[in-house]
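Below you'll find the structure, written out as structure tokens, and then a few comments.
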2 protein chains.
Amino acid sequence: MTETEQALTDQVIARLDGAQDARYRRVMTSLISHLHDFVRDVELTEEEWFSAIQFLTRTGQTCSDLRQEFILLSDTLGVSMLVDAINHRYPAGATETTVFGPFHRPGAPAMKVWSDIAVGTKGQLLFMSGQVLDASTGLPVAGAMLDIWQADGEDGLYDVQRPGVPMLGRGVFRSGDVGHYGLRAIKPTHYPIPSDGPVGEMLRKMGRHPYRPAHIHAMVSAPGYKTLITHVFMDGDPYLGSDAVFGVKDSLIVKPKSHAPGLAPDGTHSAQEFLTIDFDFRLAPASNDTP
Amino acid sequence: MTETEQALTDQVIARLDGAQDARYRRVMTSLISHLHDFVRDVELTEEEWFSAIQFLTRTGQTCSDLRQEFILLSDTLGVSMLVDAINHRYPAGATETTVFGPFHRPGAPAMKVWSDIAVGTKGQLLFMSGQVLDASTGLPVAGAMLDIWQADGEDGLYDVQRPGVPMLGRGVFRSGDVGHYGLRAIKPTHYPIPSDGPVGEMLRKMGRHPYRPAHIHAMVSAPGYKTLITHVFMDGDPYLGSDAVFGVKDSLIVKPKSHAPGLAPDGTHSAQEFLTIDFDFRLAPASNDTP
């Protein structure tokens, strides 16, 4: 590296002196510094630079109302999970967070305890239940809102990925007096993120697969607590160790228990075999001194 | 920063173990490492992350056959000049390089010495001449090809920026027996880079203007030498100290000399006032051990 090459970085950063917004100046200063360090570190060739320009252009042009390829890029480079981690430094004992993902829909139907969110979707019957708890005191949180969503159990597709399908695989529940919640769903399956665009090309060059391990999404909120956005992962999934978007945390993996036909957790008789999972959501109290 | 946040970076980098191409693995390892360092350094918020996603998406969608907004972004963040510097570490004495820019057109007309590249374009008459020299020996290089292009002298627009205008402000010359070249042009003016897109928004938030100081482009090549891509800048331009793309190097600035009507450098009589600039192009010998 020559002196000129370092001086150039200083010159670009100095040009931010006129920025009105101090935070913008701080963020762009760091961005320029790290971006230039990267270029110097690998001694980027002109051909590589032009490939990068073309890759970013294609990524932007792959975005549409139905697809956000730059979020996919952020996800697959681990940036989304890093931003999630930095912005949700919850106290020990609180349920860990993971990526929100692009498949949430506002306005899912309000449902009573033990309702079926997956009527008519393919997959193995699964009852999911547990408590919503205060992560500090361990006491139950009554009246918490649980927004739950999942893909089907065979193709791993969400309702929004199937043209013409109404809202399905979604429901909003309330925890009861002792913080209890319960719902009927289907066992999710692993599925690939969209891999027919620039991010798919990148994954192939990286020698990576595009799969996410099976999971059920949850957003849990209650007054006085930080909103929790997380997944519940299924133990035994072959992609738990290599999630394409790095969303897995050990504490979020649960092992479904198999049951013969008979009495189900909702008090009914199930004529078919079924699975149960037990998962408690431990909410971090809201406060002003942490994000 | 928590341990988890650093561990995530290691996990993303480890996922490159299956990459076939060692150079790709090296470049992406460095990119991921620097990108994550940036996110941790500024503790990027979720809102800032989403603004960045939207900015990059708009940048990709602003690109067309006539406009490359990601190159503009690279230029205005000093990345293009850094890549140029790293890839053209020429020996002392060689003419310094600068950005190629988006306005070169292959196939400009071959012209004889002292031809006018700017027939009919607005601006002050200017004669540009000098020698093409070997940077090591100082000896003249005969038969070198000089591809010269410039914007007009009033609006700062290139032919390609004016719909329906044929090739104009361009010519390809050959150096003579003593390496001499000469041409007739017009004094260029400063001009803004396109600033009605995302890059323009960024410059405004940075408190920066979009201007490039006046310059004439040159690409000079000869067998046995590295191809030189550079600009000749006009001394006195108000934007020499703040080029929007960081392309200025002191050694590339020349002061045009004013002349009263009379004998011009091409041996003709000029009825109008004119300017002259004298600039030698010193070529680095080609060799295998430097890029």
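Within each chain, counting starts at residue 1; across the structure tokens, chains are named A, B, ... in the order shown, with ligands numbered 1 upward in that order.
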Please report as a tab-separated table every residue of chain A lying within 8 Å of chain B, along with the nearest atom pair and their distance in Å (one decimal), using only C-alpha atoms.
residue	atom	partner	partner_atom	distance
A:Met1	CA	B:Ile86	CA	7.6
A:Thr4	CA	B:Ala85	CA	8.0
A:Glu5	CA	B:Leu82	CA	6.3
A:Leu8	CA	B:Leu82	CA	7.1
A:Thr9	CA	B:Gly78	CA	7.2
A:Val12	CA	B:Gly78	CA	6.2
A:Arg15	CA	B:Arg208	CA	7.1
A:Leu16	CA	B:Met206	CA	5.4
A:Asp17	CA	B:Gly207	CA	7.5
A:Gly18	CA	B:Gly207	CA	4.5
A:Ala19	CA	B:Met206	CA	4.4
A:Gln20	CA	B:Gly207	CA	7.0
A:Asp21	CA	B:Lys205	CA	7.7
A:Tyr24	CA	B:Lys205	CA	7.8
A:Arg25	CA	B:Met206	CA	7.1
A:Arg26	CA	B:Val42	CA	7.5
A:Val27	CA	B:Val42	CA	6.0
A:Ser30	CA	B:Phe38	CA	6.2
A:Leu31	CA	B:Phe38	CA	6.1
A:Ile32	CA	B:Leu77	CA	6.7
A:His34	CA	B:His34	CA	5.7
A:Leu35	CA	B:His34	CA	7.1
A:His36	CA	B:Val79	CA	6.6
A:Asp37	CA	B:His34	CA	7.6
A:Phe38	CA	B:Leu31	CA	6.1
A:Val39	CA	B:Val83	CA	7.1
A:Arg40	CA	B:Ile86	CA	7.4
A:Asp41	CA	B:Ser30	CA	7.4
A:Val42	CA	B:Val27	CA	6.0
A:Glu43	CA	B:Ile86	CA	6.4
A:Leu44	CA	B:Val83	CA	6.5
A:Thr45	CA	B:Asn87	CA	6.5
A:Glu46	CA	B:Val83	CA	6.6
A:Trp49	CA	B:Val83	CA	7.6
A:Ile53	CA	B:Phe70	CA	6.1
A:Leu56	CA	B:Gly60	CA	6.7
A:Thr57	CA	B:Gly60	CA	4.5
A:Arg58	CA	B:Gly60	CA	6.9
A:Thr59	CA	B:Gly60	CA	7.0
A:Gly60	CA	B:Gly60	CA	4.0
A:Gln61	CA	B:Gln61	CA	5.4
A:Cys63	CA	B:Thr57	CA	7.0
A:Phe70	CA	B:Ile53	CA	6.1
A:Ile71	CA	B:Ile53	CA	6.6
A:Leu77	CA	B:Val12	CA	6.6
A:Gly78	CA	B:Val12	CA	6.2
A:Val79	CA	B:His36	CA	6.6
A:Leu82	CA	B:Glu5	CA	6.3
A:Val83	CA	B:Leu44	CA	6.5
A:Asp84	CA	B:Glu46	CA	7.5
A:Ala85	CA	B:Glu5	CA	6.6
A:Ile86	CA	B:Glu43	CA	6.4
A:Asn87	CA	B:Thr45	CA	6.5
A:Lys205	CA	B:Ala19	CA	6.0
A:Met206	CA	B:Ala19	CA	4.4
A:Gly207	CA	B:Gly18	CA	4.5
A:Arg208	CA	B:Gly18	CA	6.9
A:Ser242	CA	B:Arg15	CA	7.9
A:Phe246	CA	B:Val12	CA	7.6
**OP:** Extract the full set of helix (DSSP H, G or I) residues from segment 201-274 of chain A according to DSSP on the backbone, and format it as JSON, numbers by chain.
**Re:** {"A": [201, 202, 203, 204, 205, 250, 251, 252]}
With N, CA and C atoms kept, could you save the residues just selected as a PDB file, in the first residue's frame?
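Written out: result-v4.pdb:
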ATOM      1  N   GLU A 201     -26.801 -17.220  -7.036  1.00  0.00           N
ATOM      2  CA  GLU A 201     -25.478 -17.340  -7.703  1.00  0.00           C
ATOM      3  C   GLU A 201     -24.347 -17.256  -6.681  1.00  0.00           C
ATOM      4  N   MET A 202     -24.477 -16.271  -5.774  1.00  0.00           N
ATOM      5  CA  MET A 202     -23.453 -16.084  -4.749  1.00  0.00           C
ATOM      6  C   MET A 202     -23.326 -17.327  -3.871  1.00  0.00           C
ATOM      7  N   LEU A 203     -24.460 -17.856  -3.424  1.00  0.00           N
ATOM      8  CA  LEU A 203     -24.425 -19.048  -2.564  1.00  0.00           C
ATOM      9  C   LEU A 203     -23.734 -20.209  -3.278  1.00  0.00           C
ATOM     10  N   ARG A 204     -24.030 -20.379  -4.581  1.00  0.00           N
ATOM     11  CA  ARG A 204     -23.390 -21.471  -5.322  1.00  0.00           C
ATOM     12  C   ARG A 204     -21.873 -21.259  -5.413  1.00  0.00           C
ATOM     13  N   LYS A 205     -21.433 -20.020  -5.662  1.00  0.00           N
ATOM     14  CA  LYS A 205     -19.984 -19.755  -5.707  1.00  0.00           C
ATOM     15  C   LYS A 205     -19.349 -19.984  -4.338  1.00  0.00           C
ATOM     16  N   ASP A 250     -29.309 -22.212  19.777  1.00  0.00           N
ATOM     17  CA  ASP A 250     -29.584 -23.501  20.444  1.00  0.00           C
ATOM     18  C   ASP A 250     -30.809 -23.435  21.338  1.00  0.00           C
ATOM     19  N   SER A 251     -30.968 -22.307  22.032  1.00  0.00           N
ATOM     20  CA  SER A 251     -32.067 -22.199  22.994  1.00  0.00           C
ATOM     21  C   SER A 251     -33.436 -22.179  22.324  1.00  0.00           C
ATOM     22  N   LEU A 252     -33.452 -22.033  20.989  1.00  0.00           N
ATOM     23  CA  LEU A 252     -34.735 -21.959  20.272  1.00  0.00           C
ATOM     24  C   LEU A 252     -35.130 -23.297  19.644  1.00  0.00           C
TER      25      LEU A 252
END
Subject >> Near-Ala260 of chain A list (9 Å; only C-alpha atoms; drop same-chain fewer than 3 positions) as a ChimeraX atom specification >> reply: /A:263,270-275
Original post:
Can you list, as JSON, numbers by chain, every residue of segment 18-224 of chain A that DSSP puts in strand (DSSP E or B)?
Top reply: {"A": [64, 67, 110, 116, 125, 126, 127, 128, 129, 130, 131, 132, 133, 134, 140, 145, 146, 147, 148, 149, 170, 171, 172, 173, 174, 180, 181, 182, 183, 184, 185, 186, 191, 192, 211, 212, 215, 216, 217, 218, 219, 220, 221]}
**OP:** Skip Asp278 of chain B itself and residues of its chain fewer than 2 positions away, then list as a ChimeraX atom specification all residues within 9 Å of it, counting only C-alpha atoms.
**Re:** /B:127-131,254-256,276,280
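Near Asp237 of chain A, within 9 Å and counting only C-alpha atoms, sit Thr189, His190, Pro213 and Ala214 of chain A; same-chain residues fewer than 5 positions away were not included.
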Go ahead and write the residues just picked, N, CA and C atoms, as a PDB file, in the first residue's frame.
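Output file again01.pdb is given in full below:
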ATOM      1  N   THR A 189     -41.552 -27.802   7.722  1.00  0.00           N
ATOM      2  CA  THR A 189     -40.435 -28.479   7.055  1.00  0.00           C
ATOM      3  C   THR A 189     -39.389 -27.438   6.664  1.00  0.00           C
ATOM      4  N   HIS A 190     -38.169 -27.889   6.410  1.00  0.00           N
ATOM      5  CA  HIS A 190     -37.136 -26.968   5.903  1.00  0.00           C
ATOM      6  C   HIS A 190     -37.536 -26.523   4.492  1.00  0.00           C
ATOM      7  N   PRO A 213     -33.702 -24.311   8.143  1.00  0.00           N
ATOM      8  CA  PRO A 213     -34.292 -25.426   8.895  1.00  0.00           C
ATOM      9  C   PRO A 213     -35.734 -25.096   9.282  1.00  0.00           C
ATOM     10  N   ALA A 214     -36.540 -26.146   9.494  1.00  0.00           N
ATOM     11  CA  ALA A 214     -37.965 -26.001   9.820  1.00  0.00           C
ATOM     12  C   ALA A 214     -38.156 -25.148  11.076  1.00  0.00           C
TER      13      ALA A 214
END
